[in-house]
$ cat start36.csv   # CSV, C-alpha atoms and all ligand atoms
chain,number,residue,atom,x,y,z
A,1,MET,CA,7.0,20.1,12.2
A,2,SER,CA,3.9,21.4,14.0
A,3,TYR,CA,0.7,22.5,12.4
A,4,LYS,CA,-1.2,25.2,14.2
A,5,ASN,CA,-4.5,24.9,12.4
A,6,LYS,CA,-6.0,21.4,12.8
A,7,ASN,CA,-8.6,22.2,10.1
A,8,SER,CA,-6.3,23.5,7.3
A,9,GLU,CA,-5.5,21.1,4.5
A,10,ILE,CA,-2.1,20.2,3.0
A,11,ARG,CA,-1.4,18.3,-0.2
A,12,VAL,CA,1.1,15.5,-0.1
A,13,LYS,CA,3.0,14.1,-3.1
A,14,VAL,CA,1.8,10.5,-3.9
A,15,LYS,CA,5.3,9.3,-4.6
A,16,ASP,CA,6.7,10.5,-1.2
A,17,ALA,CA,3.7,9.2,0.7
A,18,ILE,CA,4.2,5.7,-0.9
A,19,GLU,CA,8.0,5.9,-0.1
A,20,LEU,CA,7.5,6.9,3.6
A,21,ILE,CA,4.8,4.4,4.3
A,22,SER,CA,6.7,1.6,2.6
A,23,GLU,CA,9.7,2.4,4.9
A,24,ILE,CA,7.4,2.3,7.9
A,25,PHE,CA,6.2,-1.2,7.1
A,26,GLN,CA,9.7,-2.4,6.1
A,27,ALA,CA,10.8,-1.2,9.6
A,28,LYS,CA,8.0,-3.4,11.0
A,29,SER,CA,9.6,-6.4,9.2
A,30,CYS,CA,7.2,-6.6,6.3
A,31,SER,CA,8.8,-7.8,3.1
A,32,ASP,CA,9.6,-5.2,0.5
A,33,TYR,CA,6.6,-6.4,-1.7
A,34,GLU,CA,4.2,-6.4,1.3
A,35,ALA,CA,5.3,-3.0,2.6
A,36,ARG,CA,5.0,-1.4,-0.9
A,37,THR,CA,1.7,-3.0,-1.6
A,38,ILE,CA,0.3,-1.7,1.7
A,39,ALA,CA,1.6,1.7,0.9
A,40,GLU,CA,0.3,1.7,-2.7
A,41,ARG,CA,-3.1,0.5,-1.7
A,42,LEU,CA,-3.5,3.0,1.1
A,43,CYS,CA,-2.4,5.9,-1.2
A,44,GLY,CA,-4.6,4.4,-3.9
A,45,SER,CA,-7.6,4.8,-1.6
A,46,ASN,CA,-6.7,8.5,-1.0
A,47,LEU,CA,-6.3,8.9,-4.8
A,48,LYS,CA,-9.8,7.5,-5.3
A,49,GLY,CA,-11.2,9.9,-2.7
A,50,HIS,CA,-11.6,7.3,0.1
A,51,ASP,CA,-9.4,9.0,2.6
A,52,SER,CA,-11.1,6.9,5.2
A,53,HIS,CA,-9.2,3.9,3.9
A,54,GLY,CA,-6.0,5.6,3.1
A,55,ILE,CA,-2.9,6.8,4.8
A,56,VAL,CA,-4.8,7.9,7.9
A,57,ARG,CA,-4.7,4.1,8.8
A,58,VAL,CA,-0.9,3.9,9.0
A,59,PRO,CA,-0.5,4.5,12.8
A,60,ARG,CA,-3.4,2.2,13.5
A,61,TYR,CA,-2.0,-0.7,11.4
A,62,VAL,CA,1.4,-0.3,13.2
A,63,GLU,CA,-0.4,-0.4,16.6
A,64,TRP,CA,-2.3,-3.5,15.5
A,65,MET,CA,0.9,-5.2,14.6
A,66,GLY,CA,2.1,-4.5,18.2
A,67,GLU,CA,-1.2,-5.9,19.6
A,68,GLU,CA,-0.9,-9.1,17.4
A,69,LYS,CA,-4.1,-8.3,15.5
A,70,VAL,CA,-2.2,-8.5,12.2
A,71,PHE,CA,1.1,-10.1,11.3
A,72,ALA,CA,3.8,-9.3,8.7
A,73,ASN,CA,4.6,-11.8,5.9
A,74,ARG,CA,1.8,-14.3,6.8
A,75,LYS,CA,1.2,-16.7,4.0
A,76,SER,CA,-2.5,-17.3,3.2
A,77,GLU,CA,-3.7,-21.0,3.1
A,78,LEU,CA,-6.2,-22.5,0.7
A,79,VAL,CA,-8.5,-24.3,3.1
A,80,ILE,CA,-11.3,-25.3,0.7
A,81,ASP,CA,-10.4,-26.4,-2.8
A,82,ALA,CA,-13.6,-27.8,-4.4
A,83,GLY,CA,-13.8,-26.8,-8.1
A,84,ALA,CA,-15.8,-23.6,-8.4
A,85,LEU,CA,-15.8,-23.2,-4.6
A,86,ALA,CA,-12.8,-22.2,-2.5
A,87,CYS,CA,-11.8,-20.6,0.8
A,88,VAL,CA,-8.7,-18.8,1.7
A,89,ASP,CA,-7.6,-18.4,5.3
A,90,ALA,CA,-5.5,-15.3,5.6
A,91,LYS,CA,-4.5,-16.2,9.2
A,92,GLN,CA,-4.5,-12.5,10.3
A,93,GLY,CA,-2.0,-11.5,7.5
A,94,PHE,CA,-2.3,-8.1,5.8
A,95,GLY,CA,-5.5,-7.8,3.8
A,96,GLN,CA,-3.7,-6.0,1.1
A,97,ILE,CA,-1.9,-9.2,0.3
A,98,ALA,CA,-4.6,-11.7,1.2
A,99,GLY,CA,-7.1,-9.8,-1.0
A,100,GLU,CA,-4.9,-10.4,-4.0
A,101,VAL,CA,-4.6,-14.1,-3.2
A,102,ALA,CA,-8.4,-14.5,-2.9
A,103,VAL,CA,-9.2,-12.5,-6.0
A,104,ASP,CA,-6.7,-14.4,-8.1
A,105,GLU,CA,-8.1,-17.7,-6.8
A,106,GLY,CA,-11.6,-16.6,-7.8
A,107,VAL,CA,-10.6,-15.4,-11.3
A,108,ASN,CA,-8.7,-18.6,-12.1
A,109,ARG,CA,-11.6,-20.8,-11.0
A,110,ALA,CA,-14.2,-18.7,-12.9
A,111,LYS,CA,-12.0,-19.0,-16.0
A,112,LYS,CA,-12.4,-22.8,-15.7
A,113,HIS,CA,-16.0,-23.1,-14.5
A,114,GLY,CA,-17.6,-19.9,-15.7
A,115,VAL,CA,-18.4,-18.9,-12.1
A,116,SER,CA,-16.7,-19.2,-8.8
A,117,VAL,CA,-17.4,-18.5,-5.1
A,118,VAL,CA,-14.5,-17.7,-2.9
A,119,GLY,CA,-14.5,-17.1,0.9
A,120,LEU,CA,-11.7,-15.2,2.5
A,121,LYS,CA,-11.5,-15.4,6.3
A,122,ASN,CA,-9.4,-14.1,9.1
A,123,SER,CA,-8.0,-11.3,6.9
A,124,GLY,CA,-6.3,-8.2,8.2
A,125,HIS,CA,-8.0,-5.0,7.0
A,126,LEU,CA,-8.9,-5.3,3.3
A,127,GLY,CA,-8.9,-1.6,2.9
A,128,ARG,CA,-11.0,-0.2,0.0
A,129,ILE,CA,-13.2,-3.2,-1.2
A,130,GLY,CA,-13.5,-1.6,-4.6
A,131,ASP,CA,-9.8,-2.6,-5.1
A,132,TRP,CA,-10.9,-6.3,-5.2
A,133,ALA,CA,-13.8,-5.7,-7.7
A,134,GLU,CA,-11.3,-3.7,-9.8
A,135,ARG,CA,-8.7,-6.5,-9.8
A,136,ALA,CA,-11.4,-9.0,-11.0
A,137,ALA,CA,-12.6,-6.5,-13.6
A,138,ASP,CA,-9.0,-6.0,-14.8
A,139,ALA,CA,-9.1,-9.8,-15.6
A,140,GLY,CA,-12.5,-9.3,-17.4
A,141,PHE,CA,-14.8,-10.7,-14.7
A,142,VAL,CA,-18.0,-9.4,-13.1
A,143,SER,CA,-17.7,-9.8,-9.3
A,144,PHE,CA,-19.7,-9.2,-6.1
A,145,HIS,CA,-18.0,-8.9,-2.7
A,146,PHE,CA,-19.8,-9.2,0.6
A,147,VAL,CA,-17.7,-8.1,3.6
A,148,ASN,CA,-18.0,-8.0,7.3
A,149,VAL,CA,-15.7,-6.8,10.1
A,150,ARG,CA,-15.3,-9.3,12.9
A,151,GLY,CA,-14.6,-7.7,16.3
A,152,SER,CA,-15.7,-4.3,15.1
A,153,LEU,CA,-19.0,-3.5,16.8
A,154,ILE,CA,-19.6,0.1,15.8
A,155,VAL,CA,-22.9,0.2,13.9
A,156,ALA,CA,-26.4,0.5,15.4
A,157,PRO,CA,-29.3,-1.3,13.6
A,158,PHE,CA,-32.4,0.5,12.3
A,159,GLY,CA,-34.5,1.4,15.3
A,160,GLY,CA,-31.7,0.8,17.8
A,161,THR,CA,-28.9,2.6,19.6
A,162,GLY,CA,-26.8,-0.4,20.6
A,163,ARG,CA,-23.6,-1.5,18.8
A,164,THR,CA,-24.6,-4.7,17.0
A,165,GLY,CA,-22.8,-4.6,13.7
A,166,SER,CA,-19.8,-3.5,11.6
A,167,THR,CA,-19.6,-1.1,8.7
A,168,SER,CA,-19.7,-4.2,6.4
A,169,PRO,CA,-18.9,-3.0,2.9
A,170,LEU,CA,-20.3,-4.2,-0.4
A,171,SER,CA,-18.7,-3.9,-3.8
A,172,ILE,CA,-19.9,-4.9,-7.3
A,173,GLY,CA,-17.6,-4.6,-10.3
A,174,ILE,CA,-18.6,-4.6,-14.0
A,175,PRO,CA,-15.8,-4.7,-16.7
A,176,VAL,CA,-16.5,-2.7,-19.8
A,177,LYS,CA,-14.5,-3.2,-23.0
A,178,GLY,CA,-12.3,-0.3,-23.8
A,179,LYS,CA,-13.8,1.9,-21.0
A,180,PRO,CA,-13.1,2.3,-17.2
A,181,HIS,CA,-14.7,-0.4,-15.1
A,182,ILE,CA,-18.0,0.3,-13.3
A,183,ILE,CA,-17.4,-0.2,-9.6
A,184,LEU,CA,-19.9,0.2,-6.8
A,185,ASP,CA,-18.1,0.3,-3.5
A,186,MET,CA,-19.8,1.3,-0.3
A,187,ALA,CA,-20.0,0.7,3.4
A,188,THR,CA,-23.5,-0.4,4.5
A,189,SER,CA,-23.3,2.1,7.4
A,190,THR,CA,-24.1,5.7,6.7
A,191,VAL,CA,-20.3,6.3,6.6
A,192,ALA,CA,-17.3,4.1,6.9
A,193,GLU,CA,-15.5,4.3,10.3
A,194,GLY,CA,-12.5,5.9,8.6
A,195,LYS,CA,-14.7,8.8,7.6
A,196,VAL,CA,-15.3,9.4,11.3
A,197,LEU,CA,-11.5,9.1,11.8
A,198,VAL,CA,-10.8,11.7,9.1
A,199,ALA,CA,-13.4,14.1,10.7
A,200,GLN,CA,-11.8,13.5,14.1
A,201,LYS,CA,-8.5,14.6,12.7
A,202,GLY,CA,-10.0,17.8,11.3
A,203,GLY,CA,-10.7,16.5,7.8
A,204,LYS,CA,-14.1,16.4,6.0
A,205,PRO,CA,-17.0,16.8,8.4
A,206,LEU,CA,-19.6,14.0,8.7
A,207,PRO,CA,-23.0,14.1,6.9
A,208,ASP,CA,-26.1,14.6,9.0
A,209,GLY,CA,-27.3,11.5,10.8
A,210,ALA,CA,-24.0,9.6,10.5
A,211,LEU,CA,-23.9,8.8,14.2
A,212,ILE,CA,-26.3,8.1,17.0
A,213,ASP,CA,-25.7,8.6,20.7
A,214,SER,CA,-26.8,6.2,23.4
A,215,SER,CA,-29.9,8.3,24.0
A,216,GLY,CA,-31.0,7.9,20.4
A,217,ASN,CA,-30.0,11.5,19.3
A,218,LEU,CA,-28.5,11.7,15.8
A,219,SER,CA,-25.0,13.4,15.8
A,220,VAL,CA,-22.0,14.4,13.6
A,221,ASP,CA,-19.6,14.6,16.6
A,222,PRO,CA,-16.8,12.0,16.3
A,223,GLU,CA,-16.7,11.9,20.2
A,224,VAL,CA,-19.9,9.9,20.0
A,225,LEU,CA,-17.8,7.1,18.4
A,226,TYR,CA,-14.4,7.6,20.1
A,227,GLY,CA,-15.0,9.5,23.3
A,228,ARG,CA,-12.3,12.1,24.1
A,229,VAL,CA,-9.1,11.7,22.1
A,230,ARG,CA,-5.8,13.5,22.7
A,231,ASP,CA,-4.0,14.7,19.5
A,232,GLU,CA,-1.2,12.1,19.7
A,233,GLU,CA,-3.6,9.3,20.5
A,234,VAL,CA,-4.8,6.7,17.9
A,235,PRO,CA,-8.7,7.1,18.2
A,236,ASP,CA,-10.3,3.8,19.3
A,237,PRO,CA,-13.9,3.3,18.1
A,238,SER,CA,-14.6,0.9,21.0
A,239,LYS,CA,-14.3,3.8,23.5
A,240,GLY,CA,-17.2,6.0,22.6
A,241,PRO,CA,-20.8,5.9,24.0
A,242,GLY,CA,-22.6,5.8,20.6
A,243,ALA,CA,-22.5,4.2,17.2
A,244,ILE,CA,-22.5,4.8,13.4
A,245,THR,CA,-26.0,4.5,11.9
A,246,ALA,CA,-26.8,1.8,9.3
A,247,PHE,CA,-27.4,3.3,5.8
A,248,GLY,CA,-30.8,3.5,4.1
A,249,MET,CA,-33.2,3.1,7.0
A,250,HIS,CA,-34.7,-0.4,7.5
A,251,LYS,CA,-33.6,-1.7,4.0
A,252,GLY,CA,-30.0,-0.6,4.4
A,253,SER,CA,-30.0,-2.0,7.9
A,254,GLY,CA,-31.2,-5.3,6.4
A,255,ILE,CA,-28.3,-5.3,3.8
A,256,ASN,CA,-25.8,-4.5,6.6
A,257,PHE,CA,-27.2,-7.5,8.6
A,258,MET,CA,-26.8,-9.8,5.6
A,259,MET,CA,-23.1,-8.9,5.2
A,260,GLU,CA,-22.6,-10.5,8.6
A,261,MET,CA,-24.3,-13.6,7.3
A,262,LEU,CA,-22.3,-13.8,4.1
A,263,GLY,CA,-18.9,-12.3,4.8
A,264,GLY,CA,-18.9,-13.4,8.5
A,265,ALA,CA,-20.9,-16.7,9.1
A,266,LEU,CA,-20.7,-18.3,5.7
A,267,THR,CA,-16.9,-17.8,5.1
A,268,GLY,CA,-16.1,-19.1,8.6
A,269,SER,CA,-14.5,-15.8,9.5
A,270,GLY,CA,-17.2,-15.1,12.2
A,271,VAL,CA,-19.7,-12.3,12.7
A,272,SER,CA,-18.8,-9.0,14.3
A,273,GLY,CA,-20.0,-10.0,17.7
A,274,GLY,CA,-22.5,-12.4,19.4
A,275,ILE,CA,-24.8,-12.6,22.4
A,276,ASP,CA,-22.6,-15.1,24.3
A,277,ASP,CA,-19.3,-13.3,23.7
A,278,LYS,CA,-17.3,-12.7,26.9
A,279,ASP,CA,-14.6,-10.6,25.1
A,280,VAL,CA,-14.4,-8.5,21.9
A,281,ARG,CA,-13.6,-10.8,19.0
A,282,LEU,CA,-10.2,-10.4,17.2
A,283,PHE,CA,-10.5,-7.9,14.4
A,284,ALA,CA,-10.7,-9.4,10.9
A,285,ASN,CA,-12.4,-8.9,7.6
A,286,GLY,CA,-14.4,-11.8,6.1
A,287,MET,CA,-15.2,-11.6,2.4
A,288,LEU,CA,-17.5,-13.8,0.3
A,289,SER,CA,-16.9,-13.1,-3.4
A,290,VAL,CA,-18.7,-14.3,-6.5
A,291,TYR,CA,-16.9,-14.2,-9.9
A,292,ILE,CA,-18.7,-14.5,-13.2
A,293,SER,CA,-17.2,-15.0,-16.6
A,294,VAL,CA,-19.1,-12.5,-18.9
A,295,GLU,CA,-18.3,-14.4,-22.1
A,296,LYS,CA,-19.6,-17.7,-20.7
A,297,MET,CA,-22.9,-16.0,-19.7
A,298,VAL,CA,-23.7,-13.8,-22.6
A,299,ASP,CA,-22.3,-12.6,-25.9
A,300,ILE,CA,-19.5,-10.1,-24.9
A,301,ASP,CA,-20.3,-7.6,-27.6
A,302,TYR,CA,-24.0,-7.6,-26.7
A,303,PHE,CA,-23.0,-7.1,-23.0
A,304,SER,CA,-20.7,-4.2,-23.7
A,305,LYS,CA,-23.3,-2.5,-25.9
A,306,GLU,CA,-26.1,-2.9,-23.4
A,307,VAL,CA,-23.9,-1.7,-20.5
A,308,GLN,CA,-22.7,1.4,-22.4
A,309,SER,CA,-26.2,2.2,-23.6
A,310,TYR,CA,-27.5,2.2,-20.1
A,311,VAL,CA,-24.5,4.1,-18.8
A,312,ASP,CA,-25.1,6.8,-21.4
A,313,PHE,CA,-28.9,6.8,-20.7
A,314,VAL,CA,-28.3,7.4,-16.9
A,315,ARG,CA,-25.6,10.0,-17.4
A,316,ALA,CA,-27.8,11.9,-19.8
A,317,SER,CA,-30.7,12.1,-17.3
A,318,PRO,CA,-31.5,15.6,-16.0
A,319,ALA,CA,-29.7,16.6,-12.8
A,320,SER,CA,-31.8,17.4,-9.7
A,321,ASP,CA,-29.2,20.1,-8.8
A,322,LEU,CA,-28.8,23.1,-11.1
A,323,ASN,CA,-25.0,22.7,-11.3
A,324,GLY,CA,-25.0,19.0,-10.8
A,325,LYS,CA,-24.5,16.0,-13.0
A,326,VAL,CA,-25.8,12.4,-12.7
A,327,LEU,CA,-23.0,10.0,-12.0
A,328,ILE,CA,-22.8,6.3,-12.2
A,329,PRO,CA,-21.0,4.1,-9.6
A,330,GLY,CA,-17.3,4.7,-9.8
A,331,ASP,CA,-17.4,8.0,-11.7
A,332,LYS,CA,-16.6,10.0,-8.6
A,333,GLU,CA,-13.5,7.9,-7.9
A,334,ILE,CA,-12.3,8.3,-11.5
A,335,ILE,CA,-12.7,12.1,-11.3
A,336,THR,CA,-11.0,12.3,-7.9
A,337,ASN,CA,-8.2,10.0,-9.0
A,338,ASN,CA,-7.3,12.2,-12.0
A,339,GLU,CA,-7.4,15.4,-9.9
A,340,ARG,CA,-5.3,14.0,-7.1
A,341,LEU,CA,-2.7,12.4,-9.4
A,342,ALA,CA,-2.1,15.9,-10.7
A,343,ASN,CA,-2.2,17.8,-7.5
A,344,GLY,CA,-1.3,15.5,-4.6
A,345,LEU,CA,-3.3,14.0,-1.8
A,346,PRO,CA,-5.3,16.4,0.3
A,347,VAL,CA,-4.9,15.5,4.0
A,348,ALA,CA,-5.5,17.1,7.3
A,349,PRO,CA,-2.1,18.2,8.7
A,350,MET,CA,-2.5,16.0,11.8
A,351,ILE,CA,-2.8,12.9,9.7
A,352,TRP,CA,0.6,13.5,8.0
A,353,GLU,CA,2.1,14.5,11.3
A,354,ASN,CA,0.9,11.3,12.9
A,355,ILE,CA,2.6,9.3,10.1
A,356,ARG,CA,5.8,11.2,10.6
A,357,GLN,CA,5.6,10.5,14.3
A,358,THR,CA,5.1,6.8,13.6
A,359,ALA,CA,8.2,6.9,11.4
A,360,GLU,CA,10.2,8.7,14.1
A,361,LYS,CA,9.2,6.1,16.7
A,362,LEU,CA,10.5,3.4,14.3
A,363,GLN,CA,13.8,5.3,14.0
A,364,ILE,CA,13.5,5.8,10.3
A,365,SER,CA,16.5,8.0,9.5
A,366,ASN,CA,16.7,11.2,7.7
A,367,LEU,CA,13.1,12.1,7.8
A,368,GLU,CA,13.9,15.6,6.4
A,369,ARG,CA,13.8,13.8,3.0
A,370,PHE,CA,10.1,14.1,3.3
A,371,ASP,CA,9.9,17.8,4.1
A,372,GLU,CA,9.5,18.3,0.3
A,373,ALA,CA,6.5,15.9,0.3
A,374,ILE,CA,4.1,18.7,1.0
A,375,VAL,CA,3.2,20.4,-2.3
A,401,LIG,P1,-19.1,6.6,-0.4
A,401,LIG,O1,-20.3,6.9,0.3
A,401,LIG,O2,-18.2,7.7,-0.7
A,401,LIG,O3,-19.4,6.0,-1.9
A,401,LIG,C1,-20.0,4.8,-2.2
A,401,LIG,C2,-20.4,4.6,-3.6
A,401,LIG,O4,-21.2,5.7,-4.1
A,401,LIG,C3,-19.2,4.5,-4.6
A,401,LIG,O5,-19.4,3.4,-5.5
A,401,LIG,C4,-19.3,5.8,-5.4
A,401,LIG,O6,-18.8,5.7,-6.8
A,401,LIG,C5,-20.7,6.1,-5.4
A,401,LIG,N1,-21.0,7.6,-5.4
A,401,LIG,C6,-20.4,8.5,-4.7
A,401,LIG,N2,-20.9,9.7,-5.0
A,401,LIG,C7,-21.9,9.5,-6.0
A,401,LIG,C8,-22.8,10.4,-6.7
A,401,LIG,N3,-22.8,11.7,-6.5
A,401,LIG,N4,-23.6,9.8,-7.6
A,401,LIG,C9,-23.6,8.5,-7.8
A,401,LIG,N5,-22.8,7.6,-7.2
A,401,LIG,C10,-21.9,8.1,-6.3
A,401,LIG,O7,-18.3,5.4,0.3
A,401,LIG,P2,-18.5,4.8,1.8
A,401,LIG,O8,-19.7,4.0,1.9
A,401,LIG,O9,-18.2,5.8,2.8
A,401,LIG,O10,-17.2,3.7,1.7
A,401,LIG,C11,-15.9,4.2,1.7
A,401,LIG,C12,-14.9,3.1,1.5
A,401,LIG,O11,-14.8,2.4,2.7
A,401,LIG,C13,-15.2,2.1,0.5
A,401,LIG,O12,-14.0,2.0,-0.3
A,401,LIG,C14,-15.4,0.8,1.2
A,401,LIG,O13,-15.0,-0.4,0.6
A,401,LIG,C15,-14.5,1.0,2.4
A,401,LIG,N6,-14.9,0.2,3.6
A,401,LIG,C16,-14.0,-0.8,4.0
A,401,LIG,C17,-14.3,-1.5,5.1
A,401,LIG,C18,-13.4,-2.6,5.5
A,401,LIG,O14,-13.7,-3.2,6.5
A,401,LIG,N7,-12.4,-3.0,4.8
A,401,LIG,C19,-15.4,-1.2,5.9
A,401,LIG,C20,-16.3,-0.2,5.5
A,401,LIG,C21,-16.0,0.5,4.3

$ encode --input "start36.csv" --output "structure tokens"
Amino acid sequence: MSYKNKNSEIRVKVKDAIELISEIFQAKSCSDYEARTIAERLCGSNLKGHDSHGIVRVPRYVEWMGEEKVFANRKSELVIDAGALACVDAKQGFGQIAGEVAVDEGVNRAKKHGVSVVGLKNSGHLGRIGDWAERAADAGFVSFHFVNVRGSLIVAPFGGTGRTGSTSPLSIGIPVKGKPHIILDMATSTVAEGKVLVAQKGGKPLPDGALIDSSGNLSVDPEVLYGRVRDEEVPDPSKGPGAITAFGMHKGSGINFMMEMLGGALTGSGVSGGIDDKDVRLFANGMLSVYISVEKMVDIDYFSKEVQSYVDFVRASPASDLNGKVLIPGDKEIITNNERLANGLPVAPMIWENIRQTAEKLQISNLERFDEAIV
């Protein structure tokens, strides 16, 4: 199948996308559970509107397996087991699985102690970090997640043009009785790297000031990050001359810096890069998470009432845009999820084509089954 217009958009049925992607990872020797979890979490990111952390990643994950950056069926190991404090070593296993192990560890310990702190190190890509805050909120816990990306030097600090940091996401989850959880989930760079990837594939363009070239000029051209990329190539963010900017001027840049300290240095996973490095470090997510039992901290009915009162207060405030609406963290994901569940995942044609090509290379048979995947 060939798509003439790189910039047109197609809609892909969620069920078919999950099926095809599961088959791809099964063909790469992942267990059925692992393959399906990877597929469901990637599609879940698209459903929530974070296409940057969705199915666009499939060819890259497959490539990483070949380069031994991530391994199928790796069992995480509990390397610190000290009451409220724990650390899980994912040993370069898939983050979609290691993330579940780390969150469940944190929730179980917080049930016992009221609070817990769990490090996760050497993890394959953890995808959308909001997934982990959501898993904790499903169990009734408030959580914070501080994440860095070892080996991914793609972000310039405030006032600089050099690549000194990663996109280092941050997520905070608040469970609300009888209502959707409140989930803040954001990169501490102006955009996540995957958003540059989506733009490179002809998807949503980048916002102003997302990138900075080596001369200090702000840009929205993905070539600044990847250099020239052929259609069939997997874009490599280490190849371009520029960087993604840190978000929020000097303050955002400071938060981005602290993610390296917490998610990288304190977990033992390692920072994104260092001054004495001879080679690029092996790619991994490090995540420091804090879990708090609401009921051990405060009366649960009081908490729910205060939270809801504040939510309503903020949502009722006048919008700055005539047709706009004030949203709280997580609202956009809920709205997008509902729309995409009904209508399918919007993707740039080249993204779906690259996934089919990946399946073809792995000799997955009878790919015509997925011709009907496009709505
Ligand atoms: P983003 O800029 O789209 O959104 C960030 C946050 O802003 C969300 O909590 C969202 O609910 C909120 N939001 C969005 N629009 C809003 C509005 N109009 N009003 C109020 N709030 C609003 O996200 P991003 O920073 O580009 O991050 C994208 C994804 O990338 C996240 O899921 C993040 O976890 C992930 N990520 C992962 C890694 C990794 O290494 N695993 C690295 C970087 C980013």

$ residues_near_ligand --input "start36.csv" --ligand "ligand LIG 401 (chain A)" --cutoff "8 Å" --atoms "all atoms listed in the file" --output "PDB file with C-alpha atoms, in the coordinates of the input"
ATOM      1  CA  SER A  45      -7.600   4.800  -1.600  1.00  0.00           C
ATOM      2  CA  GLY A  49     -11.200   9.900  -2.700  1.00  0.00           C
ATOM      3  CA  HIS A  50     -11.600   7.300   0.100  1.00  0.00           C
ATOM      4  CA  SER A  52     -11.100   6.900   5.200  1.00  0.00           C
ATOM      5  CA  HIS A  53      -9.200   3.900   3.900  1.00  0.00           C
ATOM      6  CA  HIS A 125      -8.000  -5.000   7.000  1.00  0.00           C
ATOM      7  CA  LEU A 126      -8.900  -5.300   3.300  1.00  0.00           C
ATOM      8  CA  GLY A 127      -8.900  -1.600   2.900  1.00  0.00           C
ATOM      9  CA  ARG A 128     -11.000  -0.200   0.000  1.00  0.00           C
ATOM     10  CA  ILE A 129     -13.200  -3.200  -1.200  1.00  0.00           C
ATOM     11  CA  GLY A 130     -13.500  -1.600  -4.600  1.00  0.00           C
ATOM     12  CA  ASP A 131      -9.800  -2.600  -5.100  1.00  0.00           C
ATOM     13  CA  VAL A 147     -17.700  -8.100   3.600  1.00  0.00           C
ATOM     14  CA  ASN A 148     -18.000  -8.000   7.300  1.00  0.00           C
ATOM     15  CA  VAL A 149     -15.700  -6.800  10.100  1.00  0.00           C
ATOM     16  CA  SER A 166     -19.800  -3.500  11.600  1.00  0.00           C
ATOM     17  CA  THR A 167     -19.600  -1.100   8.700  1.00  0.00           C
ATOM     18  CA  SER A 168     -19.700  -4.200   6.400  1.00  0.00           C
ATOM     19  CA  PRO A 169     -18.900  -3.000   2.900  1.00  0.00           C
ATOM     20  CA  LEU A 170     -20.300  -4.200  -0.400  1.00  0.00           C
ATOM     21  CA  SER A 171     -18.700  -3.900  -3.800  1.00  0.00           C
ATOM     22  CA  ILE A 183     -17.400  -0.200  -9.600  1.00  0.00           C
ATOM     23  CA  LEU A 184     -19.900   0.200  -6.800  1.00  0.00           C
ATOM     24  CA  ASP A 185     -18.100   0.300  -3.500  1.00  0.00           C
ATOM     25  CA  MET A 186     -19.800   1.300  -0.300  1.00  0.00           C
ATOM     26  CA  ALA A 187     -20.000   0.700   3.400  1.00  0.00           C
ATOM     27  CA  THR A 188     -23.500  -0.400   4.500  1.00  0.00           C
ATOM     28  CA  SER A 189     -23.300   2.100   7.400  1.00  0.00           C
ATOM     29  CA  THR A 190     -24.100   5.700   6.700  1.00  0.00           C
ATOM     30  CA  VAL A 191     -20.300   6.300   6.600  1.00  0.00           C
ATOM     31  CA  ALA A 192     -17.300   4.100   6.900  1.00  0.00           C
ATOM     32  CA  GLU A 193     -15.500   4.300  10.300  1.00  0.00           C
ATOM     33  CA  GLY A 194     -12.500   5.900   8.600  1.00  0.00           C
ATOM     34  CA  LYS A 195     -14.700   8.800   7.600  1.00  0.00           C
ATOM     35  CA  ASN A 285     -12.400  -8.900   7.600  1.00  0.00           C
ATOM     36  CA  LYS A 325     -24.500  16.000 -13.000  1.00  0.00           C
ATOM     37  CA  VAL A 326     -25.800  12.400 -12.700  1.00  0.00           C
ATOM     38  CA  LEU A 327     -23.000  10.000 -12.000  1.00  0.00           C
ATOM     39  CA  ILE A 328     -22.800   6.300 -12.200  1.00  0.00           C
ATOM     40  CA  PRO A 329     -21.000   4.100  -9.600  1.00  0.00           C
ATOM     41  CA  GLY A 330     -17.300   4.700  -9.800  1.00  0.00           C
ATOM     42  CA  ASP A 331     -17.400   8.000 -11.700  1.00  0.00           C
ATOM     43  CA  LYS A 332     -16.600  10.000  -8.600  1.00  0.00           C
ATOM     44  CA  GLU A 333     -13.500   7.900  -7.900  1.00  0.00           C
TER      45      GLU A 333
END

$ closest_atom_pairs --input "start36.csv" --of "stretch 64-91 of chain A" --to "stretch 99-119 of chain A" --cutoff "8 Å" --atoms "all atoms listed in the file" --output "Markdown table"
| residue | atom | partner | partner_atom | distance |
| --- | --- | --- | --- | --- |
| A:Ser76 | CA | A:Val101 | CA | 7.5 |
| A:Gly83 | CA | A:Arg109 | CA | 7.0 |
| A:Ala84 | CA | A:Ser116 | CA | 4.5 |
| A:Leu85 | CA | A:Val117 | CA | 5.0 |
| A:Ala86 | CA | A:Val118 | CA | 4.8 |
| A:Cys87 | CA | A:Gly119 | CA | 4.4 |
| A:Val88 | CA | A:Gly119 | CA | 6.1 |

$ residues_around --input "start36.csv" --residues "A:Pro175" --least-positions-apart "3" --cutoff "10 Å" --atoms "all atoms listed in the file" --output "ChimeraX atom specification"
/A:133-134,136-143,178-183,294,303-304,307

$ residues_near_point --input "start36.csv" --point "(-1.8, -10.9, 0.0)" --cutoff "12 Å" --atoms "all atoms listed in the file" --output "count of residues only"
40

$ atom_distance --input "start36.csv" --atom1 "atom CA of A:Gln26" --atom2 "atom CA of A:Leu197"
24.8 Å

$ atom_distance --input "start36.csv" --atom1 "atom CA of A:Ile18" --atom2 "atom CA of A:Ser238"
29.3 Å

$ residues_around --input "start36.csv" --residues "stretch 216-229 of chain A" --least-positions-apart "2" --cutoff "12 Å" --atoms "all atoms listed in the file" --output "PyMOL selection string"
chain A and resi 153-163+190-214+231-246
